[in-house]
Structure formats: structure tokens, C-alpha cells
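Printed here is model21.cif (mmCIF, C-alpha atoms):
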data_start
loop_
_atom_site.group_PDB
_atom_site.id
_atom_site.type_symbol
_atom_site.label_atom_id
_atom_site.label_comp_id
_atom_site.auth_asym_id
_atom_site.auth_seq_id
_atom_site.Cartn_x
_atom_site.Cartn_y
_atom_site.Cartn_z
ATOM 1 C CA MET A 1 2.406 -36.001 6.153
ATOM 2 C CA SER A 2 5.739 -37.657 6.816
ATOM 3 C CA LEU A 3 9.063 -36.298 5.666
ATOM 4 C CA THR A 4 10.558 -38.136 2.708
ATOM 5 C CA ALA A 5 14.302 -38.692 2.369
ATOM 6 C CA LYS A 6 14.314 -35.906 -0.204
ATOM 7 C CA ASP A 7 12.486 -33.500 2.158
ATOM 8 C CA LYS A 8 15.076 -34.192 4.871
ATOM 9 C CA SER A 9 18.040 -33.619 2.599
ATOM 10 C CA VAL A 10 16.559 -30.401 1.154
ATOM 11 C CA VAL A 11 15.892 -29.094 4.688
ATOM 12 C CA LYS A 12 19.404 -30.010 5.860
ATOM 13 C CA ALA A 13 21.019 -28.358 2.856
ATOM 14 C CA PHE A 14 18.949 -25.188 3.234
ATOM 15 C CA TRP A 15 19.580 -25.038 6.983
ATOM 16 C CA GLY A 16 23.290 -25.259 6.259
ATOM 17 C CA LYS A 17 22.924 -22.073 4.205
ATOM 18 C CA ILE A 18 20.886 -20.137 6.766
ATOM 19 C CA SER A 19 22.359 -21.302 10.066
ATOM 20 C CA GLY A 20 24.651 -18.286 10.326
ATOM 21 C CA LYS A 21 21.619 -16.017 10.298
ATOM 22 C CA ALA A 22 19.294 -18.252 12.304
ATOM 23 C CA ASP A 23 19.170 -15.890 15.305
ATOM 24 C CA VAL A 24 18.213 -12.961 13.096
ATOM 25 C CA VAL A 25 15.568 -15.000 11.280
ATOM 26 C CA GLY A 26 14.071 -16.236 14.565
ATOM 27 C CA ALA A 27 13.956 -12.764 16.068
ATOM 28 C CA GLU A 28 12.366 -11.280 12.977
ATOM 29 C CA ALA A 29 9.827 -14.090 12.586
ATOM 30 C CA LEU A 30 8.705 -13.689 16.192
ATOM 31 C CA GLY A 31 8.452 -9.908 15.771
ATOM 32 C CA ARG A 32 6.423 -10.329 12.603
ATOM 33 C CA MET A 33 4.078 -12.787 14.296
ATOM 34 C CA LEU A 34 3.442 -10.457 17.241
ATOM 35 C CA THR A 35 2.799 -7.541 14.857
ATOM 36 C CA ALA A 36 0.707 -9.238 12.170
ATOM 37 C CA TYR A 37 -1.160 -11.599 14.546
ATOM 38 C CA PRO A 38 -1.642 -9.504 17.681
ATOM 39 C CA GLN A 39 -3.666 -12.230 19.388
ATOM 40 C CA THR A 40 -0.363 -14.062 19.912
ATOM 41 C CA LYS A 41 0.803 -11.329 22.268
ATOM 42 C CA THR A 42 -1.213 -13.007 24.991
ATOM 43 C CA TYR A 43 1.612 -15.472 25.552
ATOM 44 C CA PHE A 44 4.185 -12.758 26.100
ATOM 45 C CA SER A 45 2.295 -10.266 28.217
ATOM 46 C CA HIS A 46 5.042 -10.492 30.842
ATOM 47 C CA TRP A 47 7.488 -8.704 28.496
ATOM 48 C CA ALA A 48 7.747 -4.947 28.700
ATOM 49 C CA ASP A 49 8.316 -4.475 24.989
ATOM 50 C CA LEU A 50 6.682 -6.626 22.317
ATOM 51 C CA SER A 51 7.791 -4.597 19.321
ATOM 52 C CA PRO A 52 9.921 -6.153 16.570
ATOM 53 C CA GLY A 53 13.589 -5.727 17.410
ATOM 54 C CA SER A 54 13.058 -5.351 21.168
ATOM 55 C CA GLY A 55 15.429 -7.150 23.541
ATOM 56 C CA PRO A 56 13.043 -9.889 24.712
ATOM 57 C CA VAL A 57 11.777 -10.539 21.170
ATOM 58 C CA LYS A 58 15.302 -10.856 19.789
ATOM 59 C CA LYS A 59 16.436 -13.125 22.578
ATOM 60 C CA HIS A 60 13.412 -15.372 22.459
ATOM 61 C CA GLY A 61 13.362 -15.517 18.667
ATOM 62 C CA GLY A 62 16.924 -16.806 18.838
ATOM 63 C CA ILE A 63 15.939 -19.456 21.385
ATOM 64 C CA ILE A 64 13.041 -20.670 19.243
ATOM 65 C CA MET A 65 15.125 -20.810 16.068
ATOM 66 C CA GLY A 66 17.889 -22.630 17.960
ATOM 67 C CA ALA A 67 15.404 -25.314 18.969
ATOM 68 C CA ILE A 68 14.159 -25.592 15.387
ATOM 69 C CA GLY A 69 17.774 -25.879 14.222
ATOM 70 C CA LYS A 70 18.242 -28.756 16.651
ATOM 71 C CA ALA A 71 15.104 -30.355 15.250
ATOM 72 C CA VAL A 72 16.795 -30.437 11.809
ATOM 73 C CA GLY A 73 19.121 -33.035 13.313
ATOM 74 C CA LEU A 74 16.224 -34.909 14.911
ATOM 75 C CA MET A 75 14.102 -35.386 11.812
ATOM 76 C CA ASP A 76 14.207 -39.186 12.106
ATOM 77 C CA ASP A 77 12.412 -38.990 15.452
ATOM 78 C CA LEU A 78 10.880 -35.591 16.054
ATOM 79 C CA VAL A 79 8.274 -36.786 18.559
ATOM 80 C CA GLY A 80 10.936 -38.403 20.730
ATOM 81 C CA GLY A 81 13.469 -35.628 20.271
ATOM 82 C CA MET A 82 11.019 -32.847 21.115
ATOM 83 C CA SER A 83 9.296 -34.622 23.994
ATOM 84 C CA ALA A 84 10.521 -32.238 26.692
ATOM 85 C CA LEU A 85 9.559 -29.179 24.652
ATOM 86 C CA SER A 86 6.151 -30.723 24.054
ATOM 87 C CA ASP A 87 5.696 -31.134 27.809
ATOM 88 C CA LEU A 88 6.670 -27.482 28.263
ATOM 89 C CA HIS A 89 4.241 -26.138 25.680
ATOM 90 C CA ALA A 90 1.380 -28.436 26.707
ATOM 91 C CA PHE A 91 1.561 -28.261 30.479
ATOM 92 C CA ASN A 92 3.448 -25.086 31.412
ATOM 93 C CA LEU A 93 2.953 -22.591 28.619
ATOM 94 C CA ARG A 94 -0.384 -23.991 27.467
ATOM 95 C CA VAL A 95 0.018 -22.566 23.981
ATOM 96 C CA ASP A 96 -2.935 -23.226 21.683
ATOM 97 C CA PRO A 97 -1.324 -25.431 19.007
ATOM 98 C CA GLY A 98 -3.020 -23.442 16.252
ATOM 99 C CA ASN A 99 -0.363 -20.830 16.923
ATOM 100 C CA PHE A 100 2.430 -23.121 15.725
ATOM 101 C CA LYS A 101 1.057 -22.743 12.203
ATOM 102 C CA ILE A 102 1.026 -18.967 12.590
ATOM 103 C CA LEU A 103 4.657 -18.842 13.719
ATOM 104 C CA SER A 104 5.612 -21.233 10.913
ATOM 105 C CA HIS A 105 4.058 -18.874 8.342
ATOM 106 C CA ASN A 106 6.057 -15.960 9.733
ATOM 107 C CA ILE A 107 9.254 -18.024 9.628
ATOM 108 C CA LEU A 108 8.556 -18.718 5.935
ATOM 109 C CA VAL A 109 7.941 -14.997 5.241
ATOM 110 C CA THR A 110 11.227 -14.120 6.970
ATOM 111 C CA LEU A 111 13.147 -16.816 5.069
ATOM 112 C CA ALA A 112 11.701 -15.525 1.785
ATOM 113 C CA ILE A 113 12.869 -12.010 2.645
ATOM 114 C CA HIS A 114 16.397 -12.968 3.654
ATOM 115 C CA PHE A 115 17.050 -15.760 1.157
ATOM 116 C CA PRO A 116 14.892 -14.895 -1.883
ATOM 117 C CA SER A 117 16.879 -16.906 -4.395
ATOM 118 C CA ASP A 118 17.491 -19.930 -2.146
ATOM 119 C CA PHE A 119 13.882 -20.147 -0.962
ATOM 120 C CA THR A 120 12.687 -21.823 -4.155
ATOM 121 C CA PRO A 121 9.304 -23.611 -4.380
ATOM 122 C CA GLU A 122 11.106 -26.934 -3.785
ATOM 123 C CA VAL A 123 12.763 -25.614 -0.632
ATOM 124 C CA HIS A 124 9.471 -23.977 0.412
ATOM 125 C CA ILE A 125 7.524 -27.245 0.347
ATOM 126 C CA ALA A 126 10.238 -29.150 2.242
ATOM 127 C CA VAL A 127 10.583 -26.475 4.943
ATOM 128 C CA ASP A 128 6.790 -26.112 5.196
ATOM 129 C CA LYS A 129 6.449 -29.874 5.737
ATOM 130 C CA PHE A 130 9.327 -29.834 8.228
ATOM 131 C CA LEU A 131 7.775 -27.027 10.286
ATOM 132 C CA ALA A 132 4.426 -28.847 10.211
ATOM 133 C CA ALA A 133 6.143 -31.997 11.502
ATOM 134 C CA VAL A 134 7.896 -29.977 14.237
ATOM 135 C CA SER A 135 4.541 -28.418 15.184
ATOM 136 C CA ALA A 136 2.918 -31.845 15.369
ATOM 137 C CA ALA A 137 5.750 -33.139 17.574
ATOM 138 C CA LEU A 138 5.350 -30.079 19.793
ATOM 139 C CA ALA A 139 1.617 -30.765 20.102
ATOM 140 C CA ASP A 140 2.175 -34.460 20.787
ATOM 141 C CA LYS A 141 1.552 -34.266 24.536
ATOM 142 C CA TYR A 142 -1.573 -32.141 24.296
ATOM 143 C CA GLY A 143 -4.807 -33.604 25.669
ATOM 144 C CA MET B 1 -16.701 -5.682 5.873
ATOM 145 C CA ALA B 2 -13.755 -4.045 7.603
ATOM 146 C CA ASP B 3 -12.771 -0.528 8.533
ATOM 147 C CA TRP B 4 -9.654 0.875 6.922
ATOM 148 C CA THR B 5 -7.685 3.801 8.246
ATOM 149 C CA ASP B 6 -6.204 6.180 5.691
ATOM 150 C CA ALA B 7 -2.769 4.835 6.584
ATOM 151 C CA GLU B 8 -3.884 1.253 5.910
ATOM 152 C CA LYS B 9 -5.456 2.192 2.585
ATOM 153 C CA SER B 10 -2.344 3.957 1.438
ATOM 154 C CA THR B 11 -0.086 1.087 2.612
ATOM 155 C CA ILE B 12 -2.072 -1.452 0.620
ATOM 156 C CA SER B 13 -2.165 0.749 -2.485
ATOM 157 C CA ALA B 14 1.567 1.356 -2.175
ATOM 158 C CA VAL B 15 2.345 -2.360 -1.871
ATOM 159 C CA TRP B 16 0.039 -3.271 -4.744
ATOM 160 C CA GLY B 17 1.390 -0.449 -6.876
ATOM 161 C CA LYS B 18 4.814 -2.075 -6.792
ATOM 162 C CA VAL B 19 3.508 -5.540 -7.691
ATOM 163 C CA ASP B 20 3.710 -6.575 -11.336
ATOM 164 C CA ILE B 21 0.593 -8.737 -11.760
ATOM 165 C CA ASN B 22 2.084 -10.448 -14.799
ATOM 166 C CA GLU B 23 5.072 -11.576 -12.773
ATOM 167 C CA VAL B 24 3.660 -12.184 -9.306
ATOM 168 C CA GLY B 25 0.429 -13.890 -10.369
ATOM 169 C CA PRO B 26 2.136 -16.822 -12.126
ATOM 170 C CA LEU B 27 4.784 -17.095 -9.373
ATOM 171 C CA ALA B 28 2.181 -17.248 -6.603
ATOM 172 C CA LEU B 29 -0.204 -19.686 -8.261
ATOM 173 C CA GLY B 30 2.664 -21.913 -9.391
ATOM 174 C CA ARG B 31 4.065 -21.960 -5.880
ATOM 175 C CA VAL B 32 0.653 -22.955 -4.449
ATOM 176 C CA LEU B 33 0.461 -25.917 -6.842
ATOM 177 C CA ILE B 34 3.977 -27.026 -5.868
ATOM 178 C CA VAL B 35 3.849 -26.486 -2.101
ATOM 179 C CA TYR B 36 0.268 -27.732 -1.645
ATOM 180 C CA PRO B 37 0.034 -30.432 -4.303
ATOM 181 C CA TRP B 38 -3.601 -31.340 -3.613
ATOM 182 C CA THR B 39 -4.558 -28.024 -5.161
ATOM 183 C CA GLN B 40 -3.547 -29.499 -8.513
ATOM 184 C CA ARG B 41 -6.907 -31.268 -8.460
ATOM 185 C CA TYR B 42 -8.591 -28.023 -9.541
ATOM 186 C CA PHE B 43 -6.460 -27.666 -12.646
ATOM 187 C CA GLY B 44 -6.930 -31.004 -14.413
ATOM 188 C CA SER B 45 -7.524 -29.253 -17.730
ATOM 189 C CA PHE B 46 -4.266 -27.287 -17.538
ATOM 190 C CA GLY B 47 -2.039 -30.048 -18.913
ATOM 191 C CA ASP B 48 1.225 -31.083 -17.283
ATOM 192 C CA VAL B 49 1.432 -30.084 -13.627
ATOM 193 C CA SER B 50 3.377 -33.163 -12.551
ATOM 194 C CA THR B 51 6.663 -31.511 -11.558
ATOM 195 C CA ALA B 52 7.754 -28.139 -10.218
ATOM 196 C CA ALA B 53 9.405 -27.341 -13.545
ATOM 197 C CA ALA B 54 6.273 -28.320 -15.476
ATOM 198 C CA ILE B 55 4.117 -26.151 -13.208
ATOM 199 C CA MET B 56 6.328 -23.069 -13.427
ATOM 200 C CA GLY B 57 6.581 -23.475 -17.209
ATOM 201 C CA ASN B 58 2.883 -24.173 -17.784
ATOM 202 C CA PRO B 59 1.303 -21.283 -19.741
ATOM 203 C CA LYS B 60 -2.215 -22.026 -18.473
ATOM 204 C CA VAL B 61 -1.029 -21.837 -14.865
ATOM 205 C CA ALA B 62 0.663 -18.533 -15.652
ATOM 206 C CA ALA B 63 -2.442 -17.178 -17.374
ATOM 207 C CA HIS B 64 -4.645 -18.148 -14.463
ATOM 208 C CA GLY B 65 -2.214 -16.613 -11.996
ATOM 209 C CA ARG B 66 -2.630 -13.329 -13.882
ATOM 210 C CA VAL B 67 -6.437 -13.696 -13.766
ATOM 211 C CA VAL B 68 -6.366 -14.192 -9.988
ATOM 212 C CA CYS B 69 -4.154 -11.148 -9.434
ATOM 213 C CA GLY B 70 -6.364 -9.148 -11.771
ATOM 214 C CA ALA B 71 -9.282 -9.945 -9.473
ATOM 215 C CA LEU B 72 -7.232 -8.823 -6.469
ATOM 216 C CA ASP B 73 -6.717 -5.513 -8.234
ATOM 217 C CA LYS B 74 -10.485 -4.971 -8.029
ATOM 218 C CA ALA B 75 -10.355 -5.376 -4.263
ATOM 219 C CA VAL B 76 -7.517 -2.852 -3.950
ATOM 220 C CA LYS B 77 -9.551 -0.368 -5.984
ATOM 221 C CA ASN B 78 -12.742 -1.021 -3.941
ATOM 222 C CA MET B 79 -11.465 -1.424 -0.422
ATOM 223 C CA GLY B 80 -14.641 -0.101 1.136
ATOM 224 C CA ASN B 81 -16.684 -2.675 -0.723
ATOM 225 C CA ILE B 82 -14.716 -5.908 -0.906
ATOM 226 C CA LEU B 83 -17.659 -8.102 0.105
ATOM 227 C CA ALA B 84 -19.848 -6.874 -2.753
ATOM 228 C CA THR B 85 -16.911 -6.879 -5.181
ATOM 229 C CA TYR B 86 -16.399 -10.634 -4.679
ATOM 230 C CA LYS B 87 -20.019 -11.773 -4.358
ATOM 231 C CA SER B 88 -20.289 -13.384 -7.772
ATOM 232 C CA LEU B 89 -16.723 -14.753 -7.779
ATOM 233 C CA SER B 90 -17.487 -16.384 -4.432
ATOM 234 C CA GLU B 91 -20.646 -17.919 -5.843
ATOM 235 C CA THR B 92 -18.749 -19.255 -8.860
ATOM 236 C CA HIS B 93 -16.063 -20.859 -6.693
ATOM 237 C CA ALA B 94 -18.689 -22.325 -4.345
ATOM 238 C CA ASN B 95 -21.330 -23.532 -6.752
ATOM 239 C CA LYS B 96 -19.565 -24.196 -10.049
ATOM 240 C CA LEU B 97 -15.885 -24.806 -9.297
ATOM 241 C CA PHE B 98 -16.384 -26.489 -5.902
ATOM 242 C CA VAL B 99 -13.148 -25.071 -4.512
ATOM 243 C CA ASP B 100 -12.500 -25.785 -0.827
ATOM 244 C CA PRO B 101 -12.420 -22.261 0.661
ATOM 245 C CA ASP B 102 -9.447 -23.170 2.838
ATOM 246 C CA ASN B 103 -7.456 -22.850 -0.373
ATOM 247 C CA PHE B 104 -8.145 -19.099 -0.475
ATOM 248 C CA ARG B 105 -6.200 -18.715 2.767
ATOM 249 C CA VAL B 106 -3.437 -20.913 1.370
ATOM 250 C CA LEU B 107 -3.167 -18.755 -1.770
ATOM 251 C CA ALA B 108 -3.219 -15.559 0.325
ATOM 252 C CA ASP B 109 -0.356 -16.819 2.506
ATOM 253 C CA VAL B 110 1.741 -17.881 -0.502
ATOM 254 C CA LEU B 111 1.074 -14.553 -2.242
ATOM 255 C CA THR B 112 2.288 -12.786 0.909
ATOM 256 C CA ILE B 113 5.476 -14.875 0.833
ATOM 257 C CA VAL B 114 6.093 -14.140 -2.872
ATOM 258 C CA ILE B 115 5.567 -10.411 -2.292
ATOM 259 C CA ALA B 116 7.873 -10.544 0.759
ATOM 260 C CA ALA B 117 10.590 -12.185 -1.343
ATOM 261 C CA LYS B 118 10.320 -9.402 -3.942
ATOM 262 C CA PHE B 119 10.226 -6.506 -1.481
ATOM 263 C CA GLY B 120 12.844 -7.803 0.957
ATOM 264 C CA ALA B 121 13.299 -5.816 4.138
ATOM 265 C CA ALA B 122 11.000 -3.093 2.759
ATOM 266 C CA PHE B 123 8.150 -5.478 3.600
ATOM 267 C CA THR B 124 8.329 -4.457 7.251
ATOM 268 C CA PRO B 125 6.363 -6.225 10.026
ATOM 269 C CA GLU B 126 3.921 -3.306 10.082
ATOM 270 C CA ILE B 127 3.375 -3.423 6.330
ATOM 271 C CA GLN B 128 2.992 -7.214 6.550
ATOM 272 C CA ALA B 129 0.343 -6.773 9.268
ATOM 273 C CA THR B 130 -1.691 -4.363 7.125
ATOM 274 C CA TRP B 131 -1.288 -6.482 3.984
ATOM 275 C CA GLN B 132 -2.393 -9.613 5.848
ATOM 276 C CA LYS B 133 -5.452 -7.796 7.222
ATOM 277 C CA PHE B 134 -6.376 -7.004 3.627
ATOM 278 C CA MET B 135 -5.774 -10.639 2.605
ATOM 279 C CA LYS B 136 -7.972 -11.811 5.498
ATOM 280 C CA VAL B 137 -10.842 -9.621 4.280
ATOM 281 C CA VAL B 138 -10.407 -10.810 0.689
ATOM 282 C CA VAL B 139 -10.418 -14.451 1.839
ATOM 283 C CA ALA B 140 -13.535 -13.835 3.953
ATOM 284 C CA ALA B 141 -15.299 -12.208 1.003
ATOM 285 C CA MET B 142 -14.350 -15.089 -1.309
ATOM 286 C CA SER B 143 -15.718 -17.522 1.315
ATOM 287 C CA SER B 144 -18.870 -15.508 1.946
ATOM 288 C CA ARG B 145 -21.207 -17.307 -0.477
ATOM 289 C CA TYR B 146 -20.383 -20.806 0.775
ATOM 290 C CA PHE B 147 -23.174 -22.257 2.869
#
Rewrite the structure from the file as C-alpha cells, please.
Amino acid sequence: MSLTAKDKSVVKAFWGKISGKADVVGAEALGRMLTAYPQTKTYFSHWADLSPGSGPVKKHGGIIMGAIGKAVGLMDDLVGGMSALSDLHAFNLRVDPGNFKILSHNILVTLAIHFPSDFTPEVHIAVDKFLAAVSAALADKYG
Amino acid sequence: MADWTDAEKSTISAVWGKVDINEVGPLALGRVLIVYPWTQRYFGSFGDVSTAAAIMGNPKVAAHGRVVCGALDKAVKNMGNILATYKSLSETHANKLFVDPDNFRVLADVLTIVIAAKFGAAFTPEIQATWQKFMKVVVAAMSSRYF
């Protein structure tokens, strides 16, 4: 599924609204993923504390959301723009790409909680498509 | 099908107790039809589902959303027996309605998002984890008669 012009403008507009809270959203989404999908903890077993709100979770959630925020500006060429991150996830971290969908779901849950009136069905479909496109770009170098 | 601790049972009952089926059902089903437009294929007889506004204003969509949440109520009240509770519904969806069972997971995820939006921060990660375990069992039971 490719992003239409409308999808891109809806995502940009929504990201404008949430960017001030992006760190918080990223931290919470990561914490929710680790709690609701405990199999994902395998990738973070080197952290002392995997509970929501812990130092490493907050920091790393912010890093992830920062990268996704950058991707908002790269929507015209996500595969090219995310090439280095794709290398990282494919060859260093070796994250099963099925997990990108799981994290995306938890980002959507967190957005719904923090922005209930802005996260309309129209915004939901655009952001869902955007995260799917980001996930595909991240999986580009796999195999 | 799954083991439930007392804490899990009471969490799920507490969450469900705060959900107004008449409100959440239509919101969740409408959102599925908007966010995953291929699902509209199952609702050809429902009239206009061509735009988000048409979907959210469609009375048949709303009615069916209430039906779906009504069925979920049965699972909440029979948590020790979800597989048996959904046996005939699963057969209907498999053999008469020909619904791709992946859509059950899609609906479960959207329902979780709608409930999260209503509850806000009260829908903690731990409560989400328990709720999603329940959704996973419901989805498995609804898929159980597909061969």
C-alpha cells in the first residue's frame, strides 16, 4: 500500500500536533509493547529494568519515536531514507520484522490514549498506513 | 482454552463493566470499515459505506457493532468456557459468511484502541496486557472452526 498525497498531509498535520509529546508517546508505546507482548523482551534482555517508565525504556522509546518523526519528513522516499536503520535492524539487531507490526499497534494505542479527539478514524488509517510503510522500509534489507 | 487468574478475571470484568456496548460497538466496527477498507466487502447489504462519514452514520453498521459487542459480553460472562461459547458463531463465520479469520484479530485490535481512547491513562500497560490476552483467546475461539 503506498501513501497517497492525502495520507502524507494527514500524517504531517497530526505529527505537528503530537511532536511536543513524541518522547512520552514513544516511551509509553515501548513500555506497553514489552508488557502486553512479553515475547518482545528478548530484544532487550541486556536492560536491567524492562518495566514501563524505567530509565532504559523511556530513553529508547524516545529514540524510536524520534526516528519515526524523522520518517515523517522522508515519506517521499522511506526506503532510501531509512536504509541505515534497515541495515541496523537486519544485520545487527536481527529483529524479526513481525515485531514492527506489534510496536506499531502499541503506538496507535498510546496515540489514542493521549490524543483521543485528534485520533479520528481518518487520522488512524493514515498513521496506520504510514507505520506500515516505515516497517516495510525497515525490513527492506532483510534476506 | 486459557487459564485465568482471579486478578485477570476481575480486570476484564472491570474493563467490560465500564464499556457501553451501544456506544463502543458502533465506534469499533465503523473504525474497522474505515481503517481496513477491504472489510467493507462483508457488508454489501448495509447500504452506503463509501466514506468515513457514511460509515459512522450508517444505522446498519451501528446495529451490527452492537451485535458484535453483545457476543463479546457472552465471553466475559463465560471466561472459563470461551471456546464452547463461540463454537457455533465460529462455524457461521467460517461456513456461511466466509469471513477471513484474520479480520477477527483486526477487529480485536481496533476495539482495544477504541477502549483505550475512552479510558485514557486508566488503561494501563498491565490492564492492556490482560485485555489483549482475553482478545487473543476470543479471536482463537472465533477461528477455531475454520479448517
| Which of B:Gly30, B:Gly70, B:Pro37, B:Gly80 sits closest to Ala54 in chain B [using all atoms listed in the file] |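 Of all the options, B:Gly30 lies closest to Ala54 in chain B.
A straight line drawn from CA of Ala84 in chain B to CA of Tyr42 in chain B is 24.9 Å long.
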| message | Please find the residues of chain A near chain B - the criterion being any atom within 12 Å, counting only C-alpha atoms - and write them as an NGL selection string. | response | :A and (1 or 7 or 25 or 27-38 or 51-53 or 101-102 or 104-129)
Selected residues, C-alpha atoms, written as a PDB file, in the frame of the given file, please.
ATOM      1  CA  MET A   1       2.406 -36.001   6.153  1.00  0.00           C
ATOM      2  CA  ASP A   7      12.486 -33.500   2.158  1.00  0.00           C
ATOM      3  CA  VAL A  25      15.568 -15.000  11.280  1.00  0.00           C
ATOM      4  CA  ALA A  27      13.956 -12.764  16.068  1.00  0.00           C
ATOM      5  CA  GLU A  28      12.366 -11.280  12.977  1.00  0.00           C
ATOM      6  CA  ALA A  29       9.827 -14.090  12.586  1.00  0.00           C
ATOM      7  CA  LEU A  30       8.705 -13.689  16.192  1.00  0.00           C
ATOM      8  CA  GLY A  31       8.452  -9.908  15.771  1.00  0.00           C
ATOM      9  CA  ARG A  32       6.423 -10.329  12.603  1.00  0.00           C
ATOM     10  CA  MET A  33       4.078 -12.787  14.296  1.00  0.00           C
ATOM     11  CA  LEU A  34       3.442 -10.457  17.241  1.00  0.00           C
ATOM     12  CA  THR A  35       2.799  -7.541  14.857  1.00  0.00           C
ATOM     13  CA  ALA A  36       0.707  -9.238  12.170  1.00  0.00           C
ATOM     14  CA  TYR A  37      -1.160 -11.599  14.546  1.00  0.00           C
ATOM     15  CA  PRO A  38      -1.642  -9.504  17.681  1.00  0.00           C
ATOM     16  CA  SER A  51       7.791  -4.597  19.321  1.00  0.00           C
ATOM     17  CA  PRO A  52       9.921  -6.153  16.570  1.00  0.00           C
ATOM     18  CA  GLY A  53      13.589  -5.727  17.410  1.00  0.00           C
ATOM     19  CA  LYS A 101       1.057 -22.743  12.203  1.00  0.00           C
ATOM     20  CA  ILE A 102       1.026 -18.967  12.590  1.00  0.00           C
ATOM     21  CA  SER A 104       5.612 -21.233  10.913  1.00  0.00           C
ATOM     22  CA  HIS A 105       4.058 -18.874   8.342  1.00  0.00           C
ATOM     23  CA  ASN A 106       6.057 -15.960   9.733  1.00  0.00           C
ATOM     24  CA  ILE A 107       9.254 -18.024   9.628  1.00  0.00           C
ATOM     25  CA  LEU A 108       8.556 -18.718   5.935  1.00  0.00           C
ATOM     26  CA  VAL A 109       7.941 -14.997   5.241  1.00  0.00           C
ATOM     27  CA  THR A 110      11.227 -14.120   6.970  1.00  0.00           C
ATOM     28  CA  LEU A 111      13.147 -16.816   5.069  1.00  0.00           C
ATOM     29  CA  ALA A 112      11.701 -15.525   1.785  1.00  0.00           C
ATOM     30  CA  ILE A 113      12.869 -12.010   2.645  1.00  0.00           C
ATOM     31  CA  HIS A 114      16.397 -12.968   3.654  1.00  0.00           C
ATOM     32  CA  PHE A 115      17.050 -15.760   1.157  1.00  0.00           C
ATOM     33  CA  PRO A 116      14.892 -14.895  -1.883  1.00  0.00           C
ATOM     34  CA  SER A 117      16.879 -16.906  -4.395  1.00  0.00           C
ATOM     35  CA  ASP A 118      17.491 -19.930  -2.146  1.00  0.00           C
ATOM     36  CA  PHE A 119      13.882 -20.147  -0.962  1.00  0.00           C
ATOM     37  CA  THR A 120      12.687 -21.823  -4.155  1.00  0.00           C
ATOM     38  CA  PRO A 121       9.304 -23.611  -4.380  1.00  0.00           C
ATOM     39  CA  GLU A 122      11.106 -26.934  -3.785  1.00  0.00           C
ATOM     40  CA  VAL A 123      12.763 -25.614  -0.632  1.00  0.00           C
ATOM     41  CA  HIS A 124       9.471 -23.977   0.412  1.00  0.00           C
ATOM     42  CA  ILE A 125       7.524 -27.245   0.347  1.00  0.00           C
ATOM     43  CA  ALA A 126      10.238 -29.150   2.242  1.00  0.00           C
ATOM     44  CA  VAL A 127      10.583 -26.475   4.943  1.00  0.00           C
ATOM     45  CA  ASP A 128       6.790 -26.112   5.196  1.00  0.00           C
ATOM     46  CA  LYS A 129       6.449 -29.874   5.737  1.00  0.00           C
TER      47      LYS A 129
END
| Of the candidates A:Asp23, A:Asp140, A:Asp76, A:Asp49, which one gets nearest to Leu88 in chain A if we count only C-alpha atoms? |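 That would be A:Asp140, the residue with the smallest distance to Leu88 in chain A.
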| said: What's around range 64-74 of chain A at 7 Å? Count all atoms listed in the file, leave out sequence neighbours fewer than 4 positions away in its own chain, and write the answer as a PyMOL selection string. | reply: chain A and resi 12+22-23+26+60+78+81
Would you save the residues of that selection, restricted to C-alpha atoms, as a PDB file, in the coordinates of the input?
ATOM      1  CA  LYS A  12      19.404 -30.010   5.860  1.00  0.00           C
ATOM      2  CA  ALA A  22      19.294 -18.252  12.304  1.00  0.00           C
ATOM      3  CA  ASP A  23      19.170 -15.890  15.305  1.00  0.00           C
ATOM      4  CA  GLY A  26      14.071 -16.236  14.565  1.00  0.00           C
ATOM      5  CA  HIS A  60      13.412 -15.372  22.459  1.00  0.00           C
ATOM      6  CA  LEU A  78      10.880 -35.591  16.054  1.00  0.00           C
ATOM      7  CA  GLY A  81      13.469 -35.628  20.271  1.00  0.00           C
TER       8      GLY A  81
END
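Across the structure, CA of Lys141 in chain A and CA of Asp87 in chain A are spaced 6.1 Å apart.
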| task | Give as a list in words the residues that the PyMOL selection byres ((chain A and resi 139) around 8) matches when applied to the coordinates above. | result | Ser86, His89, Ala90, Pro97, Ser135, Ala136, Ala137, Leu138, Asp140, Lys141 and Tyr142 of chain A
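Each of B:Met79, B:Leu72, B:Val19, B:Val139 was compared to Asp102 in chain B using only C-alpha atoms, and B:Val139 turns out to be the nearest.
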| task | Tell me which residues the PyMOL selection byres ((chain B and resi 143) around 9) grabs here, as a ChimeraX atom specification. | result | /B:90-91,93-94,101-102,104,138-142,144-147
How big is the axis-aligned box, and where does its centre sit, when it encloses all atoms of range 81-94 of chain A listed in the file and has 6 Å added on every side, reported in Å to one decimal as AutoDock Vina command-line options?
--center_x 6.5 --center_y -29.1 --center_z 25.8 --size_x 25.9 --size_y 25.0 --size_z 23.1
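The protein and nucleic acid residues lying at most 10 Å from Tyr43 in chain A are Leu34, Leu93, Arg94, Val95 and Asp96 of chain A, with only C-alpha atoms considered and sequence neighbours fewer than 6 positions away removed.
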I'd like to see the residues matched by the PyMOL selection byres ((chain B and resi 9) around 10) on this file, and ideally I'd get them as a PDB file with C-alpha atoms, keeping the file's coordinate frame.
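Saved result, expr-v1.pdb, follows:
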ATOM      1  CA  ASP B   3     -12.771  -0.528   8.533  1.00  0.00           C
ATOM      2  CA  TRP B   4      -9.654   0.875   6.922  1.00  0.00           C
ATOM      3  CA  THR B   5      -7.685   3.801   8.246  1.00  0.00           C
ATOM      4  CA  ASP B   6      -6.204   6.180   5.691  1.00  0.00           C
ATOM      5  CA  ALA B   7      -2.769   4.835   6.584  1.00  0.00           C
ATOM      6  CA  GLU B   8      -3.884   1.253   5.910  1.00  0.00           C
ATOM      7  CA  SER B  10      -2.344   3.957   1.438  1.00  0.00           C
ATOM      8  CA  THR B  11      -0.086   1.087   2.612  1.00  0.00           C
ATOM      9  CA  ILE B  12      -2.072  -1.452   0.620  1.00  0.00           C
ATOM     10  CA  SER B  13      -2.165   0.749  -2.485  1.00  0.00           C
ATOM     11  CA  ALA B  14       1.567   1.356  -2.175  1.00  0.00           C
ATOM     12  CA  VAL B  76      -7.517  -2.852  -3.950  1.00  0.00           C
ATOM     13  CA  LYS B  77      -9.551  -0.368  -5.984  1.00  0.00           C
ATOM     14  CA  MET B  79     -11.465  -1.424  -0.422  1.00  0.00           C
ATOM     15  CA  GLY B  80     -14.641  -0.101   1.136  1.00  0.00           C
ATOM     16  CA  THR B 130      -1.691  -4.363   7.125  1.00  0.00           C
ATOM     17  CA  TRP B 131      -1.288  -6.482   3.984  1.00  0.00           C
ATOM     18  CA  PHE B 134      -6.376  -7.004   3.627  1.00  0.00           C
TER      19      PHE B 134
END
| query | CA of Val24 in chain B and CA of Ala132 in chain A, how far apart in Å? | reply |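 Computed distance, CA of Ala132 in chain A to CA of Val24 in chain B, equals 25.7 Å.
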| Shell around Leu50 in chain A at 8 Å using only C-alpha atoms, local window under 3 positions removed, as a PyMOL selection string | chain A and resi 31+34+41+44+47+54+56-57
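For the set B:Asn81, B:Ile21, B:Met1, B:Met135, the residue with the smallest atom-to-atom gap to Val67 in chain B is B:Ile21, counting all atoms listed in the file.
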